[in-house]
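> Pasting start01.csv below, which is CSV, C-alpha atoms.
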```
chain,number,residue,atom,x,y,z
F,290,MET,CA,0.0,0.0,0.0
F,291,ARG,CA,1.4,3.3,-1.1
F,292,ALA,CA,0.9,6.3,1.2
F,293,GLY,CA,0.8,10.1,0.7
F,294,VAL,CA,0.8,13.1,3.0
F,295,ILE,CA,-0.4,16.6,2.1
F,296,GLY,CA,0.9,19.1,4.6
F,297,LEU,CA,4.3,18.4,6.1
F,298,GLY,CA,4.4,20.8,9.1
F,299,ASP,CA,4.8,19.7,12.7
F,300,MET,CA,2.1,17.2,12.5
F,301,GLY,CA,2.3,16.1,8.9
F,302,SER,CA,6.0,15.5,9.0
F,303,GLY,CA,5.4,13.1,11.9
F,304,LEU,CA,2.8,11.2,9.8
F,305,ALA,CA,5.3,10.9,7.0
F,306,LYS,CA,8.1,9.9,9.3
F,307,ASN,CA,6.2,7.0,10.8
F,308,LEU,CA,4.7,5.8,7.6
F,309,ILE,CA,8.2,5.5,6.2
F,310,LYS,CA,9.4,3.9,9.4
F,311,ASN,CA,6.7,1.2,9.1
F,312,GLY,CA,7.5,0.3,5.5
F,313,PHE,CA,5.1,2.4,3.5
F,314,GLU,CA,6.3,4.0,0.3
F,315,THR,CA,5.5,7.6,1.1
F,316,THR,CA,5.0,10.6,-1.2
F,317,GLY,CA,4.5,14.0,0.3
F,318,PHE,CA,3.8,17.6,-0.7
F,319,ASP,CA,4.1,20.9,1.0
F,320,LEU,CA,4.5,24.5,-0.2
F,321,SER,CA,7.7,24.8,1.9
F,322,ASP,CA,10.9,23.7,0.2
F,323,ALA,CA,12.6,23.2,3.5
F,324,ARG,CA,9.9,20.7,4.6
F,325,MET,CA,10.2,18.9,1.3
F,326,SER,CA,13.9,18.5,1.8
F,327,THR,CA,13.3,17.1,5.2
F,328,LEU,CA,10.9,14.6,3.7
F,329,LYS,CA,13.6,13.4,1.3
F,330,GLU,CA,16.1,13.1,4.1
F,331,MET,CA,13.7,10.8,5.9
F,332,GLY,CA,13.4,8.6,2.9
F,333,GLY,CA,10.2,9.9,1.4
F,334,ASN,CA,9.4,11.0,-2.1
F,335,ALA,CA,9.0,14.7,-2.7
F,336,ALA,CA,6.0,15.4,-5.0
F,337,SER,CA,5.8,18.3,-7.3
F,338,SER,CA,2.1,18.8,-6.7
F,339,VAL,CA,-1.1,17.4,-5.1
F,340,VAL,CA,-1.7,15.6,-8.3
F,341,ASP,CA,1.7,14.0,-8.1
F,342,VAL,CA,0.8,12.7,-4.6
F,343,ALA,CA,-2.6,11.4,-5.8
F,344,LYS,CA,-1.1,9.4,-8.7
F,345,ASN,CA,1.4,7.7,-6.4
F,346,ALA,CA,-0.7,6.8,-3.4
F,347,ASP,CA,-3.5,4.5,-2.4
F,348,ILE,CA,-4.1,6.3,0.8
F,349,VAL,CA,-3.5,10.0,1.4
F,350,TYR,CA,-3.4,11.8,4.8
F,351,VAL,CA,-4.5,15.4,4.6
F,352,MET,CA,-3.0,17.5,7.4
F,353,VAL,CA,-3.7,21.1,6.4
F,354,MET,CA,-4.8,24.1,8.5
F,355,ASN,CA,-8.4,24.8,7.7
F,356,GLY,CA,-11.5,23.6,5.8
F,357,GLY,CA,-10.9,25.8,2.7
F,358,GLN,CA,-7.5,24.2,2.2
F,359,ALA,CA,-8.9,20.7,2.8
F,360,LYS,CA,-11.6,21.3,0.2
F,361,ALA,CA,-9.1,22.6,-2.3
F,362,VAL,CA,-6.7,19.6,-1.8
F,363,ILE,CA,-9.4,17.0,-2.0
F,364,LEU,CA,-12.1,18.4,-4.3
F,365,GLY,CA,-10.3,20.9,-6.5
F,366,GLU,CA,-9.7,20.5,-10.2
F,367,ASP,CA,-6.2,19.3,-9.3
F,368,GLY,CA,-7.4,17.6,-6.2
F,369,LEU,CA,-7.0,14.1,-4.9
F,370,ILE,CA,-10.3,12.6,-6.0
F,371,SER,CA,-9.7,13.4,-9.6
F,372,HIS,CA,-6.4,11.6,-9.7
F,373,MET,CA,-6.2,8.9,-7.1
F,374,PRO,CA,-6.7,5.3,-8.1
F,375,LYS,CA,-10.3,4.1,-7.6
F,376,GLY,CA,-10.8,2.3,-4.3
F,377,GLY,CA,-8.2,4.5,-2.5
F,378,ALA,CA,-8.9,6.5,0.6
F,379,VAL,CA,-8.4,10.0,1.9
F,380,ILE,CA,-7.8,10.2,5.7
F,381,LEU,CA,-8.6,13.7,6.8
F,382,THR,CA,-6.6,14.3,9.9
F,383,ALA,CA,-6.8,18.1,9.9
F,384,THR,CA,-9.2,19.6,12.4
F,385,ILE,CA,-12.0,21.5,10.6
F,386,LYS,CA,-15.7,22.2,11.1
F,387,PRO,CA,-17.9,19.1,11.1
F,388,SER,CA,-20.1,20.8,8.5
F,389,GLU,CA,-17.1,21.2,6.2
F,390,VAL,CA,-16.3,17.5,6.4
F,391,ARG,CA,-19.9,16.6,5.5
F,392,GLU,CA,-19.7,18.9,2.5
F,393,ILE,CA,-16.6,17.2,1.4
F,394,SER,CA,-18.2,13.8,1.9
F,395,VAL,CA,-21.2,14.7,-0.2
F,396,ALA,CA,-19.0,16.0,-3.0
F,397,MET,CA,-16.9,12.8,-3.0
F,398,GLU,CA,-19.9,10.6,-3.6
F,399,GLY,CA,-19.5,8.6,-6.8
F,400,SER,CA,-15.8,9.4,-7.0
F,401,GLY,CA,-14.7,5.9,-6.1
F,402,ILE,CA,-12.5,7.3,-3.3
F,403,HIS,CA,-13.3,6.6,0.3
F,404,LEU,CA,-13.2,9.3,3.1
F,405,ILE,CA,-12.1,8.6,6.6
F,406,ASP,CA,-12.8,11.5,8.9
F,407,SER,CA,-10.1,11.1,11.6
F,408,PRO,CA,-8.8,14.2,13.4
F,409,VAL,CA,-6.0,13.4,15.9
F,410,SER,CA,-4.8,14.3,19.4
F,411,GLY,CA,-1.3,14.1,20.8
F,412,GLY,CA,0.3,17.2,19.3
F,413,PHE,CA,3.8,17.4,18.0
F,414,PRO,CA,5.3,14.7,20.4
F,415,GLY,CA,2.5,12.3,19.4
F,416,ALA,CA,2.9,12.9,15.7
F,417,GLN,CA,6.7,12.6,15.7
F,418,GLY,CA,6.6,9.6,18.0
F,419,GLY,CA,3.8,7.7,16.2
F,420,THR,CA,1.6,7.7,19.3
F,421,LEU,CA,-1.3,9.9,18.2
F,422,THR,CA,-4.9,9.2,19.3
F,423,MET,CA,-7.1,9.0,16.2
F,424,MET,CA,-10.9,9.7,16.3
F,425,ALA,CA,-11.9,7.8,13.2
F,426,ALA,CA,-15.3,7.9,11.4
F,427,GLY,CA,-16.1,5.8,8.4
F,428,SER,CA,-17.6,2.6,7.3
F,429,PRO,CA,-16.3,-0.5,9.2
F,430,GLU,CA,-15.1,-2.1,6.0
F,431,VAL,CA,-13.1,0.9,5.0
F,432,LEU,CA,-11.6,1.3,8.5
F,433,ASP,CA,-10.7,-2.3,8.5
F,434,GLU,CA,-9.0,-2.1,5.1
F,435,TYR,CA,-6.9,0.9,6.1
F,436,GLN,CA,-6.2,0.0,9.7
F,437,PRO,CA,-2.5,-0.8,9.0
F,438,ALA,CA,-1.8,2.7,7.6
F,439,MET,CA,-3.5,4.2,10.6
F,440,GLU,CA,-1.7,2.0,13.1
F,441,ALA,CA,1.6,3.2,11.6
F,442,VAL,CA,1.0,6.7,12.9
F,443,SER,CA,-1.0,6.1,16.1
F,444,LYS,CA,-1.1,4.4,19.4
F,445,THR,CA,-4.8,4.4,19.9
F,446,ILE,CA,-7.6,4.4,17.2
F,447,HIS,CA,-11.1,5.1,18.4
F,448,ARG,CA,-13.9,4.3,16.0
F,449,VAL,CA,-16.3,7.1,16.9
F,450,GLY,CA,-19.0,6.7,14.2
F,451,GLU,CA,-19.7,5.9,10.6
F,452,ARG,CA,-20.8,9.3,9.4
F,453,ALA,CA,-18.5,12.0,8.0
F,454,GLY,CA,-18.2,14.7,10.6
F,455,ASP,CA,-18.4,12.3,13.6
F,456,GLY,CA,-14.7,12.5,14.0
F,457,GLN,CA,-14.6,16.3,13.9
F,458,VAL,CA,-17.5,16.4,16.5
F,459,MET,CA,-15.5,14.3,18.9
F,460,LYS,CA,-12.4,16.5,18.3
F,461,SER,CA,-14.4,19.6,19.1
F,462,CYS,CA,-15.6,18.2,22.3
F,463,LEU,CA,-12.0,17.2,23.2
F,464,GLN,CA,-10.6,20.6,22.4
F,465,THR,CA,-13.3,22.2,24.5
F,466,LEU,CA,-12.0,20.3,27.5
F,467,ILE,CA,-8.3,20.8,26.7
F,468,GLY,CA,-8.6,24.5,26.0
F,469,SER,CA,-10.4,25.0,29.3
F,470,ILE,CA,-7.7,23.1,31.2
F,471,PHE,CA,-5.0,25.2,29.5
F,472,GLY,CA,-6.8,28.4,30.4
F,473,ALA,CA,-7.1,27.4,34.1
F,474,THR,CA,-3.4,26.4,34.2
F,475,PHE,CA,-2.4,29.8,32.7
F,476,GLU,CA,-4.4,31.6,35.3
F,477,ALA,CA,-3.1,29.5,38.2
F,478,ALA,CA,0.5,30.1,37.0
F,479,SER,CA,-0.1,33.9,36.9
F,480,LEU,CA,-1.5,33.9,40.4
F,481,ALA,CA,1.5,31.9,41.7
F,482,ALA,CA,3.9,34.3,40.0
F,483,LYS,CA,2.3,37.3,41.6
F,484,ALA,CA,2.3,35.6,45.0
F,485,GLY,CA,6.0,34.7,44.7
F,486,VAL,CA,5.6,31.0,44.6
F,487,SER,CA,8.4,28.8,43.2
F,488,GLY,CA,7.6,27.4,39.8
F,489,GLN,CA,9.1,24.1,40.7
F,490,ALA,CA,7.1,23.9,43.9
F,491,LEU,CA,3.9,24.7,42.0
F,492,TYR,CA,4.7,21.9,39.5
F,493,ASP,CA,5.5,19.4,42.2
F,494,VAL,CA,2.2,20.0,43.9
F,495,PHE,CA,0.1,20.1,40.7
F,496,SER,CA,1.6,17.0,39.2
F,497,THR,CA,1.1,14.9,42.3
F,498,SER,CA,-2.4,16.1,43.2
F,499,GLY,CA,-5.9,15.3,41.9
F,500,ALA,CA,-5.5,18.0,39.3
F,501,SER,CA,-2.5,16.2,37.7
F,502,CYS,CA,-2.9,15.5,34.0
F,503,GLY,CA,-0.7,15.5,30.9
F,504,VAL,CA,-2.3,18.7,29.6
F,505,ALA,CA,-1.8,20.8,32.7
F,506,ASN,CA,1.6,19.3,33.6
F,507,GLY,CA,3.0,19.8,30.1
F,508,ALA,CA,1.7,23.4,30.0
F,509,LEU,CA,3.2,24.3,33.4
F,510,GLU,CA,6.6,22.8,32.5
F,511,ASN,CA,6.8,24.9,29.4
F,512,ILE,CA,5.8,28.0,31.4
F,513,ILE,CA,8.3,27.6,34.2
F,514,ASP,CA,11.1,26.8,31.7
F,515,ARG,CA,10.0,29.9,29.8
F,516,LYS,CA,9.5,28.0,26.5
F,517,PHE,CA,7.1,30.1,24.7
F,518,GLU,CA,8.1,29.3,21.1
F,519,GLY,CA,9.3,26.3,19.2
F,520,THR,CA,7.6,23.6,21.3
F,521,GLY,CA,5.4,22.4,18.4
F,522,SER,CA,2.2,23.8,19.8
F,523,GLY,CA,1.5,27.0,17.9
F,524,ILE,CA,-1.2,29.2,19.5
F,525,GLY,CA,-3.0,29.6,16.1
F,526,THR,CA,-4.0,25.9,16.1
F,527,MET,CA,-5.7,26.0,19.5
F,528,HIS,CA,-7.3,29.3,18.7
F,529,LYS,CA,-8.7,27.8,15.5
F,530,ASP,CA,-9.9,24.7,17.3
F,531,LEU,CA,-11.8,26.6,20.0
F,532,THR,CA,-13.4,28.7,17.3
F,533,ILE,CA,-14.7,25.5,15.7
F,534,SER,CA,-15.9,24.2,19.1
F,535,LEU,CA,-17.8,27.5,19.8
F,536,ASN,CA,-19.2,27.6,16.3
F,537,MET,CA,-20.6,24.1,16.8
F,538,ALA,CA,-22.0,25.0,20.2
F,539,GLU,CA,-23.7,28.0,18.7
F,540,GLU,CA,-25.3,25.9,16.0
F,541,LEU,CA,-26.6,23.4,18.5
F,542,GLY,CA,-27.6,26.0,21.2
F,543,VAL,CA,-25.2,24.7,23.8
F,544,PRO,CA,-23.7,27.2,26.3
F,545,LEU,CA,-19.9,26.7,26.7
F,546,LEU,CA,-18.9,28.9,29.6
F,547,MET,CA,-15.5,27.6,30.3
F,548,ALA,CA,-14.5,27.2,26.6
F,549,SER,CA,-15.7,30.8,25.9
F,550,THR,CA,-13.4,32.1,28.6
F,551,ALA,CA,-10.5,30.0,27.4
F,552,MET,CA,-11.1,31.4,23.9
F,553,GLN,CA,-10.6,35.0,25.2
F,554,ILE,CA,-7.4,33.9,26.9
F,555,PHE,CA,-6.1,32.4,23.7
F,556,HIS,CA,-7.4,35.4,21.7
F,557,GLN,CA,-5.3,37.8,23.8
F,558,GLY,CA,-2.3,35.6,23.6
F,559,LYS,CA,-2.6,35.3,19.8
F,560,SER,CA,-3.2,39.1,19.4
F,561,LYS,CA,0.0,39.9,21.4
F,562,TYR,CA,2.2,37.1,20.3
F,563,PRO,CA,0.9,35.6,17.1
F,564,GLU,CA,4.0,33.5,16.5
F,565,GLY,CA,4.1,32.1,20.0
F,566,ASP,CA,3.0,28.8,21.4
F,567,ASN,CA,0.0,28.1,23.6
F,568,TRP,CA,1.9,28.9,26.8
F,569,VAL,CA,2.5,32.5,25.7
F,570,CYS,CA,-0.9,33.3,27.0
F,571,THR,CA,0.7,33.2,30.5
F,572,ARG,CA,3.3,35.7,29.4
F,573,VAL,CA,0.5,38.2,28.6
F,574,MET,CA,-1.0,37.6,32.0
F,575,GLU,CA,2.4,38.0,33.7
F,576,GLU,CA,2.8,41.3,31.9
F,577,ILE,CA,-0.5,42.5,33.4
F,578,VAL,CA,0.3,41.4,36.9
F,579,GLY,CA,4.0,42.4,36.8
F,580,ALA,CA,5.5,39.1,37.8
F,581,GLU,CA,7.0,36.0,36.1
F,582,LEU,CA,6.9,32.3,37.1
F,583,HIS,CA,10.3,30.6,36.8
F,584,ARG,CA,11.4,27.1,37.7
```
Now, as a test, write the supplied structure out as structure tokens.


Amino acid sequence: MRAGVIGLGDMGSGLAKNLIKNGFETTGFDLSDARMSTLKEMGGNAASSVVDVAKNADIVYVMVMNGGQAKAVILGEDGLISHMPKGGAVILTATIKPSEVREISVAMEGSGIHLIDSPVSGGFPGAQGGTLTMMAAGSPEVLDEYQPAMEAVSKTIHRVGERAGDGQVMKSCLQTLIGSIFGATFEAASLAAKAGVSGQALYDVFSTSGASCGVANGALENIIDRKFEGTGSGIGTMHKDLTISLNMAEELGVPLLMASTAMQIFHQGKSKYPEGDNWVCTRVMEEIVGAELHR
């Protein structure tokens, strides 16, 4: 089975890396020349276009930033469904609106190409380490057929439904929780900084208490080590994901009080430090209170 990857950033490069590691002939495409060079160094094939990927892959991972890009890559005149071999599959691992995935699914009907709606969780470490959690939606037969290609990039595969959009709905619910935990962690860190608490002491207590979890612990470690950029968790991604969650909640008439507050925290961080990582939200709060939290 030949694999393809569209989008070779922090997440997509990890998909390609682990597909290659697990013996898949892998062809990738990205607009960045540097990312394409990295793909070749890993043993992958650098494509000249999306069409080139489509012609050389039976299954293609799409890891782009938003729904517009996903539609262009999959449905465009030079998109995947016009050039992939019949019976192949597109695995949409990008996080986009559930409604956008449903639109893509409808447009793919009759194309002979299957769609697996499977956003992922695990961030940069999970993508690079091949330990992502996948929230996969698709027919059981298609999921069975392409299970090996999914196992190559993940540790856990949850089958969350058969309808296109079910995967994205699950991811939106997950990001609602993760974003809220982040926001609370940033606030607690700022409070501790102003009170003169040691960052190491705060981490020791948090990480061994009932509040301990990977999300909070990882965020706090980056804060006390002052790692606000280059950690593989760009603030733009969480900002986008919370926007999707709140949009879905608006459509369904569901109040999201915690996620709404978290969204404002991320909005201020992104406005002040658009190139920063999630943890930079704490830096903005520290600037307001006039104190910093160090290890």

> Figure out the distance between atom CA of F:Leu320 and atom CA of F:Gln557, please, to one decimal in Å.

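Taking atom CA of F:Gln557 as the start and atom CA of F:Leu320 as the end point, the length is 29.1 Å.
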
> In Å, rounded to a single decimal, give me how far atom CA of F:Gly415 is from atom CA of F:Leu364.

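Taking atom CA of F:Leu364 as the start and atom CA of F:Gly415 as the end point, the length is 28.5 Å.
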
> Find, counting all atoms listed in the file, the residue in F:Val504, F:Leu466, F:Ala336, F:Ala478 that gets nearest to F:Glu581.

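Smallest separation from F:Glu581 among the options: F:Ala478.
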
> Write out as a list in words which residues come within 12 Å of F:Glu576 when counting only C-alpha atoms, dropping same-chain ones fewer than 2 positions away.

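Final neighbour list, sorted by chain and number: Ser479, Ala482, Lys483, Gln557, Gly558, Lys561, Val569, Cys570, Thr571, Arg572, Val573, Met574, Val578, Gly579, Ala580, Glu581 and Leu582 of chain F.
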
> Could you name the residues that touch F:Leu308 at 12 Å or less, counting only C-alpha atoms, but leaving out those on the same chain fewer than 6 positions away, as a VMD selection string?

chain F and resid 290 to 294 301 to 302 314 to 317 328 331 to 334 348 to 350 416 to 419 437 to 443

> Counting only C-alpha atoms, figure out which residue out of F:His583, F:His528, F:His447, F:Lys329 gets nearest to F:Asn511.

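Using only C-alpha atoms, F:Asn511 sits closest to F:His583.
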
> As an exercise, work out the distance from atom CA of F:Ser388 to atom CA of F:Thr526 in Å and give it to one decimal place.

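Computed distance, atom CA of F:Ser388 to atom CA of F:Thr526, equals 18.5 Å.
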
> Residues within 6 Å of F:Ala378, please, as a list in words. Count all atoms listed in the file; anything in the same chain fewer than 5 positions from it doesn't count.

Ile348, Ile402, His403 and Leu404 of chain F

> Counting only C-alpha atoms, figure out which residue out of F:Glu539, F:Glu366, F:Val351, F:Val379 gets nearest to F:Val409.

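Comparing F:Glu539, F:Glu366, F:Val351, F:Val379 against F:Val409, the winner is F:Val351.
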
> Please determine, counting only C-alpha atoms, which residue among F:Asn506, F:Ser428, F:Thr532, F:Gln553 has the shortest atom-to-atom distance to F:Gln464.

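Checking each candidate against F:Gln464, we get F:Thr532 as the closest.
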
> Find the spatial neighbours of F:Ala383, counting all atoms listed in the file, within a cut-off of 6 Å - ignore same-chain residues fewer than 6 positions away - and output them as a tab-separated table (two decimals) with C-alpha atoms, in the frame of the given file.


```
chain	number	residue	atom	x	y	z
F	352	MET	CA	-3.00	17.50	7.40
F	353	VAL	CA	-3.70	21.10	6.40
F	408	PRO	CA	-8.80	14.20	13.40
```

> Using only C-alpha atoms, find each residue in stretch 424-543 of chain F having at least one atom no more than 12 Å away from stretch 394-398 of chain F; report its shortest atom-to-atom pair and that distance in Å (one decimal), rows by chain then rising number, as CSV.


```
residue,atom,partner,partner_atom,distance
F:Ala426,CA,F:Ser394,CA,11.6
F:Gly427,CA,F:Ser394,CA,10.5
F:Glu451,CA,F:Ser394,CA,11.8
F:Arg452,CA,F:Ser394,CA,9.1
F:Ala453,CA,F:Ser394,CA,6.4
F:Gly454,CA,F:Ser394,CA,8.7
F:Asp455,CA,F:Ser394,CA,11.8
```

> Which of these residues is nearest to F:Gly521, using only C-alpha atoms: F:Ser337, F:Ser326, F:Gln358, F:Asn567?

F:Asn567

> Compare F:Arg584, F:Lys386, F:Arg448, F:Lys375 by their minimum atom-to-atom distance to F:Glu540, counting only C-alpha atoms, and give me the closest one.

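Among the listed residues, the smallest separation from F:Glu540 belongs to F:Lys386.
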
> Compile the contact shell of F:Thr445 as number ranges by chain: residues with an atom at most 7 Å away, counting all atoms listed in the file, same-chain residues fewer than 4 positions apart removed.

F: 421-423

> As a CSV table (one decimal), in the frame of the given file, please: stretch 321-332 of chain F completed to all heavy atoms.


```
chain,number,residue,atom,x,y,z
F,321,SER,N,6.4,24.4,1.4
F,321,SER,CA,7.7,24.8,1.9
F,321,SER,C,8.8,23.9,1.3
F,321,SER,O,8.8,22.7,1.5
F,321,SER,CB,7.7,24.7,3.4
F,321,SER,OG,9.0,24.7,4.0
F,322,ASP,N,9.8,24.5,0.7
F,322,ASP,CA,10.9,23.7,0.2
F,322,ASP,C,11.7,23.1,1.3
F,322,ASP,O,12.2,21.9,1.1
F,322,ASP,CB,11.8,24.7,-0.6
F,322,ASP,CG,11.2,25.2,-1.9
F,322,ASP,OD1,10.3,24.5,-2.4
F,322,ASP,OD2,11.6,26.2,-2.4
F,323,ALA,N,11.8,23.7,2.4
F,323,ALA,CA,12.6,23.2,3.5
F,323,ALA,C,11.9,21.9,4.0
F,323,ALA,O,12.6,20.9,4.3
F,323,ALA,CB,12.7,24.2,4.7
F,324,ARG,N,10.6,21.9,4.1
F,324,ARG,CA,9.9,20.7,4.6
F,324,ARG,C,10.0,19.6,3.6
F,324,ARG,O,10.1,18.4,3.9
F,324,ARG,CB,8.4,21.0,4.8
F,324,ARG,CG,8.2,22.0,6.0
F,324,ARG,CD,6.7,22.4,6.1
F,324,ARG,NE,6.5,23.3,7.2
F,324,ARG,CZ,5.4,23.9,7.5
F,324,ARG,NH1,4.3,23.7,6.7
F,324,ARG,NH2,5.2,24.7,8.6
F,325,MET,N,10.0,19.9,2.3
F,325,MET,CA,10.2,18.9,1.3
F,325,MET,C,11.6,18.3,1.3
F,325,MET,O,11.7,17.1,1.1
F,325,MET,CB,9.9,19.5,-0.1
F,325,MET,CG,8.5,20.0,-0.3
F,325,MET,SD,7.3,18.7,-0.4
F,325,MET,CE,7.5,18.3,-2.2
F,326,SER,N,12.6,19.1,1.6
F,326,SER,CA,13.9,18.5,1.8
F,326,SER,C,14.0,17.6,3.0
F,326,SER,O,14.7,16.5,2.9
F,326,SER,CB,14.9,19.7,2.0
F,326,SER,OG,15.0,20.5,0.8
F,327,THR,N,13.3,18.0,4.0
F,327,THR,CA,13.3,17.1,5.2
F,327,THR,C,12.7,15.8,4.9
F,327,THR,O,13.1,14.7,5.4
F,327,THR,CB,12.6,17.8,6.4
F,327,THR,OG1,13.2,19.0,6.7
F,327,THR,CG2,12.5,16.9,7.6
F,328,LEU,N,11.6,15.8,4.1
F,328,LEU,CA,10.9,14.6,3.7
F,328,LEU,C,11.9,13.6,3.0
F,328,LEU,O,11.9,12.4,3.2
F,328,LEU,CB,9.7,14.9,2.8
F,328,LEU,CG,9.0,13.7,2.2
F,328,LEU,CD1,8.3,12.8,3.3
F,328,LEU,CD2,8.0,14.1,1.2
F,329,LYS,N,12.6,14.2,2.0
F,329,LYS,CA,13.6,13.4,1.3
F,329,LYS,C,14.7,12.8,2.2
F,329,LYS,O,15.1,11.7,2.0
F,329,LYS,CB,14.2,14.2,0.2
F,329,LYS,CG,13.2,14.6,-1.0
F,329,LYS,CD,13.9,15.2,-2.2
F,329,LYS,CE,14.2,16.6,-1.9
F,329,LYS,NZ,14.7,17.3,-3.2
F,330,GLU,N,15.1,13.6,3.2
F,330,GLU,CA,16.1,13.1,4.1
F,330,GLU,C,15.6,11.9,4.9
F,330,GLU,O,16.3,11.1,5.3
F,330,GLU,CB,16.5,14.2,5.0
F,330,GLU,CG,17.3,15.3,4.3
F,330,GLU,CD,17.6,16.6,5.2
F,330,GLU,OE1,17.1,16.5,6.4
F,330,GLU,OE2,18.1,17.5,4.7
F,331,MET,N,14.3,11.9,5.2
F,331,MET,CA,13.7,10.8,5.9
F,331,MET,C,13.5,9.6,5.1
F,331,MET,O,13.1,8.5,5.6
F,331,MET,CB,12.3,11.3,6.5
F,331,MET,CG,12.4,12.3,7.6
F,331,MET,SD,10.8,12.6,8.5
F,331,MET,CE,9.8,13.2,7.1
F,332,GLY,N,13.6,9.7,3.8
F,332,GLY,CA,13.4,8.6,2.9
F,332,GLY,C,12.1,8.6,2.1
F,332,GLY,O,11.8,7.6,1.5
```
